[in-house]
$ cat upload.cif   # mmCIF, C-alpha atoms
data_target
loop_
_atom_site.label_atom_id
_atom_site.label_comp_id
_atom_site.auth_asym_id
_atom_site.auth_seq_id
_atom_site.Cartn_x
_atom_site.Cartn_y
_atom_site.Cartn_z
CA MET M 1 -44.97 -101.21 -158.09
CA THR M 2 -46.75 -103.69 -160.37
CA ILE M 3 -44.67 -106.26 -162.24
CA THR M 4 -45.51 -109.27 -164.41
CA LEU M 5 -43.27 -112.31 -164.05
CA PRO M 6 -43.15 -115.86 -165.33
CA ILE M 7 -43.68 -117.95 -162.19
CA LEU M 8 -41.66 -120.95 -161.09
CA PHE M 9 -43.29 -122.95 -158.30
CA ASN M 10 -40.72 -124.64 -156.10
CA ASN M 11 -40.63 -126.40 -152.75
CA ARG M 12 -38.11 -123.92 -151.32
CA HIS M 13 -38.29 -120.23 -150.51
CA ILE M 14 -35.71 -117.70 -151.59
CA LEU M 15 -35.77 -114.17 -150.22
CA PRO M 16 -34.11 -110.88 -151.18
CA SER M 17 -30.28 -111.09 -151.08
CA GLY M 18 -30.47 -114.88 -151.01
CA ARG M 19 -28.83 -117.24 -153.48
CA LEU M 20 -30.17 -120.70 -154.08
CA PRO M 21 -29.65 -123.58 -156.50
CA LEU M 22 -32.98 -124.85 -157.83
CA ARG M 23 -33.46 -128.13 -159.63
CA VAL M 24 -35.69 -127.60 -162.65
CA THR M 25 -37.92 -130.47 -163.67
CA PRO M 26 -38.71 -131.19 -167.32
CA GLY M 27 -42.06 -129.92 -168.52
CA GLU M 28 -43.69 -126.78 -167.13
CA GLN M 29 -40.72 -125.68 -164.97
CA LEU M 30 -38.18 -126.13 -167.78
CA ASN M 31 -40.46 -124.33 -170.27
CA THR M 32 -40.78 -121.42 -167.82
CA VAL M 33 -37.00 -121.13 -167.39
CA LYS M 34 -36.42 -121.34 -171.17
CA TYR M 35 -39.06 -118.67 -171.77
CA ALA M 36 -37.53 -116.32 -169.19
CA MET M 37 -33.98 -116.80 -170.51
CA ARG M 38 -35.01 -116.47 -174.16
CA ASN M 39 -36.83 -113.19 -173.38
CA GLY M 40 -34.31 -111.76 -170.90
CA LEU M 41 -36.83 -111.84 -168.05
CA ASP M 42 -36.50 -112.35 -164.34
CA LEU M 43 -38.50 -115.14 -162.70
CA GLY M 44 -40.89 -115.13 -159.81
CA VAL M 45 -40.24 -118.02 -157.42
CA CYS M 46 -43.17 -119.05 -155.23
CA MET M 47 -43.25 -121.86 -152.74
CA ASP M 48 -46.90 -122.81 -152.59
CA GLU M 49 -48.81 -123.28 -155.83
CA THR M 50 -52.02 -123.94 -153.89
CA SER M 51 -52.11 -120.53 -152.16
CA PRO M 52 -55.26 -118.57 -152.98
CA ILE M 53 -54.74 -115.87 -155.56
CA GLY M 54 -53.72 -112.67 -153.83
CA ALA M 55 -52.18 -114.49 -150.87
CA GLY M 56 -49.20 -116.05 -152.64
CA ILE M 57 -45.93 -114.38 -151.79
CA GLY M 58 -42.75 -114.95 -153.76
CA THR M 59 -39.48 -113.36 -154.73
CA ARG M 60 -38.29 -111.90 -158.02
CA VAL M 61 -35.03 -113.63 -158.93
CA LYS M 62 -32.35 -113.37 -161.57
CA ILE M 63 -30.77 -116.50 -162.98
CA GLU M 64 -27.03 -116.21 -162.27
CA ASP M 65 -25.85 -119.59 -163.48
CA PHE M 66 -27.06 -122.96 -164.67
CA SER M 67 -25.66 -126.44 -165.10
CA LEU M 68 -26.84 -129.60 -166.77
CA ALA M 69 -26.03 -132.95 -165.14
CA PRO M 70 -24.67 -135.09 -168.01
CA GLU M 71 -25.84 -138.41 -166.53
CA SER M 72 -29.43 -137.41 -165.78
CA GLY M 73 -29.96 -134.35 -167.95
CA ALA M 74 -31.31 -132.51 -164.91
CA LEU M 75 -31.00 -128.73 -165.03
CA THR M 76 -30.01 -126.77 -161.96
CA ILE M 77 -30.21 -122.98 -161.96
CA THR M 78 -28.62 -120.73 -159.37
CA VAL M 79 -30.83 -117.75 -158.65
CA CYS M 80 -30.36 -114.55 -156.67
CA GLY M 81 -33.34 -113.01 -154.87
CA HIS M 82 -34.08 -109.31 -155.42
CA GLU M 83 -37.48 -108.32 -154.04
CA SER M 84 -40.51 -109.97 -152.56
CA PHE M 85 -43.97 -109.62 -154.07
CA VAL M 86 -47.57 -110.60 -153.49
CA ILE M 87 -49.52 -112.14 -156.38
CA ASP M 88 -52.57 -110.25 -157.63
CA SER M 89 -53.52 -112.64 -160.45
CA ILE M 90 -52.16 -115.62 -162.38
CA LYS M 91 -52.78 -116.59 -165.98
CA GLU M 92 -51.21 -118.68 -168.70
CA ASN M 93 -49.70 -116.60 -171.51
CA ASP M 94 -49.75 -117.37 -175.26
CA ALA M 95 -46.52 -119.40 -174.90
CA GLY M 96 -48.18 -121.66 -172.31
CA VAL M 97 -46.14 -120.19 -169.44
CA VAL M 98 -47.77 -119.27 -166.13
CA GLU M 99 -47.33 -115.55 -165.44
CA ALA M 100 -48.36 -113.53 -162.42
CA VAL M 101 -49.21 -109.88 -162.03
CA CYS M 102 -47.57 -108.93 -158.73
CA GLN M 103 -47.22 -106.01 -156.35
CA THR M 104 -43.72 -105.60 -154.95
CA LEU M 105 -43.37 -105.53 -151.17
CA PRO M 106 -41.15 -103.02 -149.39
CA ALA M 107 -37.67 -104.31 -148.57
CA TRP M 108 -36.98 -104.95 -144.92
CA PRO M 109 -34.79 -102.10 -143.65
CA GLU M 110 -31.32 -102.99 -142.42
CA ARG M 111 -31.18 -103.34 -138.66
CA ALA M 112 -28.24 -103.87 -136.34
CA VAL M 113 -28.13 -107.17 -134.45
CA SER M 114 -28.88 -106.56 -130.76
CA ASN M 115 -27.34 -108.64 -127.99
CA ASP M 116 -30.65 -110.51 -127.63
CA ALA M 117 -30.61 -111.45 -131.31
CA GLN M 118 -26.93 -112.45 -131.38
CA PRO M 119 -27.78 -116.21 -131.32
CA LEU M 120 -29.20 -115.81 -134.84
CA ALA M 121 -25.82 -114.64 -136.11
CA GLU M 122 -23.80 -117.14 -134.08
CA ARG M 123 -25.83 -120.16 -135.15
CA LEU M 124 -25.94 -119.15 -138.80
CA LEU M 125 -22.15 -118.76 -138.74
CA ILE M 126 -21.92 -122.31 -137.36
CA MET M 127 -24.17 -123.52 -140.20
CA PHE M 128 -21.96 -121.78 -142.76
CA GLU M 129 -18.85 -123.38 -141.26
CA ARG M 130 -20.46 -126.82 -141.13
CA TYR M 131 -21.87 -126.62 -144.67
CA PRO M 132 -19.35 -124.91 -146.99
CA GLU M 133 -21.72 -125.27 -149.97
CA LEU M 134 -24.16 -123.00 -148.12
CA SER M 135 -21.45 -120.52 -147.29
CA SER M 136 -20.22 -120.47 -150.90
CA LEU M 137 -23.64 -119.24 -152.06
CA HIS M 138 -23.26 -116.03 -150.06
CA LYS M 139 -20.19 -114.18 -151.25
CA LYS M 140 -20.93 -111.16 -149.03
CA PRO M 141 -22.63 -112.43 -145.88
CA ASN M 142 -23.93 -109.73 -143.58
CA PHE M 143 -23.98 -111.18 -140.06
CA ASP M 144 -24.39 -107.65 -138.63
CA ASP M 145 -27.78 -107.07 -140.32
CA LEU M 146 -30.76 -108.65 -138.55
CA SER M 147 -32.91 -108.47 -141.70
CA TRP M 148 -30.33 -110.43 -143.69
CA LEU M 149 -30.01 -113.03 -140.92
CA CYS M 150 -33.78 -113.50 -140.61
CA GLN M 151 -34.15 -113.95 -144.36
CA ARG M 152 -31.43 -116.62 -144.47
CA TRP M 153 -33.06 -118.50 -141.57
CA LEU M 154 -36.44 -118.41 -143.33
CA GLU M 155 -34.78 -119.95 -146.39
CA LEU M 156 -33.15 -122.70 -144.34
CA LEU M 157 -35.64 -123.79 -141.70
CA PRO M 158 -38.44 -126.26 -142.41
CA ILE M 159 -41.17 -123.88 -141.30
CA PRO M 160 -44.64 -124.42 -142.85
CA ALA M 161 -45.11 -122.35 -146.00
CA SER M 162 -48.15 -120.59 -144.54
CA GLU M 163 -46.09 -119.31 -141.58
CA LYS M 164 -43.22 -118.21 -143.84
CA GLN M 165 -45.68 -116.31 -146.04
CA VAL M 166 -47.02 -114.35 -143.05
CA LEU M 167 -43.51 -113.48 -141.88
CA MET M 168 -42.39 -112.49 -145.38
CA ALA M 169 -45.35 -110.12 -145.76
CA ALA M 170 -44.30 -108.03 -142.73
CA HIS M 171 -42.70 -104.62 -143.27
CA THR M 172 -39.74 -105.33 -140.96
CA CYS M 173 -37.85 -108.32 -139.61
CA SER M 174 -39.05 -107.80 -136.00
CA ASP M 175 -41.72 -110.53 -135.94
CA THR M 176 -39.42 -112.95 -137.76
CA ALA M 177 -36.58 -112.33 -135.31
CA GLU M 178 -38.88 -112.94 -132.33
CA TYR M 179 -40.26 -116.09 -133.95
CA LEU M 180 -36.80 -117.47 -134.76
CA LEU M 181 -35.43 -116.70 -131.31
CA SER M 182 -38.41 -118.46 -129.70
CA LEU M 183 -37.69 -121.53 -131.85
CA MET M 184 -34.08 -121.52 -130.66
CA LYS M 185 -35.13 -121.32 -127.00
CA GLU M 186 -37.60 -124.21 -127.17
CA PRO M 187 -36.17 -127.63 -126.27
CA HIS M 188 -36.10 -130.08 -129.20
#
$ encode --input "upload.cif" --output "structure tokens"
Amino acid sequence: MTITLPILFNNRHILPSGRLPLRVTPGEQLNTVKYAMRNGLDLGVCMDETSPIGAGIGTRVKIEDFSLAPESGALTITVCGHESFVIDSIKENDAGVVEAVCQTLPAWPERAVSNDAQPLAERLLIMFERYPELSSLHKKPNFDDLSWLCQRWLELLPIPASEKQVLMAAHTCSDTAEYLLSLMKEPH
């Protein structure tokens, strides 16, 4: 399916079923958020503004909440990821907002967590316990779904954007699960 979205470039990835607070900087980012809210539109969040057209992958998000820090005036929006997309083309609209024509990507099918993949669930649960602010973002965590687990790990880990983009473009979570499990087995 083809969709057109105002695009917000950010240094973090969000994936379907994810929730994330994003700090919005004055200027282009703030204008994009205002435009989307004023027109009742979802946003496209993309990590790498320098990706070649057609290779940029992002996620369509809905703004769930926002807050303004009184001391700094910084805006933070909390967004919820709905579906991933690949960018076909980018242009600036008449309002001066960057929009992208995108093709939606198929959702990763739910998949039970095998015994081999159990460390992904166990370690994410530890992260949620250690960082309650992370846990509070996910009201309905699904530690039994490998796709959900892989998407949360991709949001959290400092993996190069180019590698995340390749993993996000896959039709299932299989490659991502293997990649994440290999990272957990390597000594650090």
$ resolve_selection --input "upload.cif" --expression "the PyMOL selection byres ((chain M and resi 125) around 12)" --output "ChimeraX atom specification"
/M:118-124,126-132,134-135,138,141-144,149,152-153
$ residues_around --input "upload.cif" --residues "stretch 33-48 of chain M" --least-positions-apart "5" --cutoff "8 Å" --atoms "all atoms listed in the file" --output "ChimeraX atom specification"
/M:5-14,56-63,97,161
$ residues_near_point --input "upload.cif" --point "(-33.9, -112.9, -150.4)" --cutoff "10 Å" --atoms "all atoms listed in the file" --output "number ranges by chain"
M: 13-20, 58-61, 80-84, 107, 147-148, 150-152, 154-155, 168
$ resolve_selection --input "upload.cif" --expression "the PyMOL selection byres ((chain M and resi 76) around 7)" --output "MDAnalysis selection string"
chainID M and resid 21:24 66:68 74:75 77:78
$ resolve_selection --input "upload.cif" --expression "the PyMOL selection byres ((chain M and resi 96) around 12)" --output "list in words"
Pro6, Ile7, Gly27, Glu28, Gln29, Leu30, Asn31, Thr32, Lys34, Tyr35, Lys91, Glu92, Asn93, Asp94, Ala95, Val97, Val98 and Glu99 of chain M
$ closest_residue --input "upload.cif" --among "M:Leu146, M:Leu180, M:Ala69, M:Leu156" --to "M:Trp108" --atoms "only C-alpha atoms"
M:Leu146
$ atom_distance --input "upload.cif" --atom1 "atom CA of M:Met184" --atom2 "atom CA of M:His171"
22.8 Å
$ atom_distance --input "upload.cif" --atom1 "atom CA of M:Glu178" --atom2 "atom CA of M:Pro160"
16.6 Å
$ closest_residue --input "upload.cif" --among "M:Val79, M:Ala117, M:Ile87, M:Cys102" --to "M:Lys185" --atoms "all atoms listed in the file"
M:Ala117
$ closest_residue --input "upload.cif" --among "M:Ser182, M:Thr4, M:Ser162, M:Thr25" --to "M:Asp116" --atoms "only C-alpha atoms"
M:Ser182
$ closest_residue --input "upload.cif" --among "M:Leu183, M:Ile90, M:Ala112, M:Met1" --to "M:Leu157" --atoms "only C-alpha atoms"
M:Leu183
$ atom_distance --input "upload.cif" --atom1 "atom CA of M:Asp175" --atom2 "atom CA of M:Ser114"
14.4 Å
$ closest_residue --input "upload.cif" --among "M:Leu181, M:Val113, M:Ile3, M:Cys173" --to "M:Val86" --atoms "only C-alpha atoms"
M:Ile3
$ closest_residue --input "upload.cif" --among "M:Thr104, M:Lys139, M:Asp145, M:Pro109" --to "M:Phe85" --atoms "only C-alpha atoms"
M:Thr104
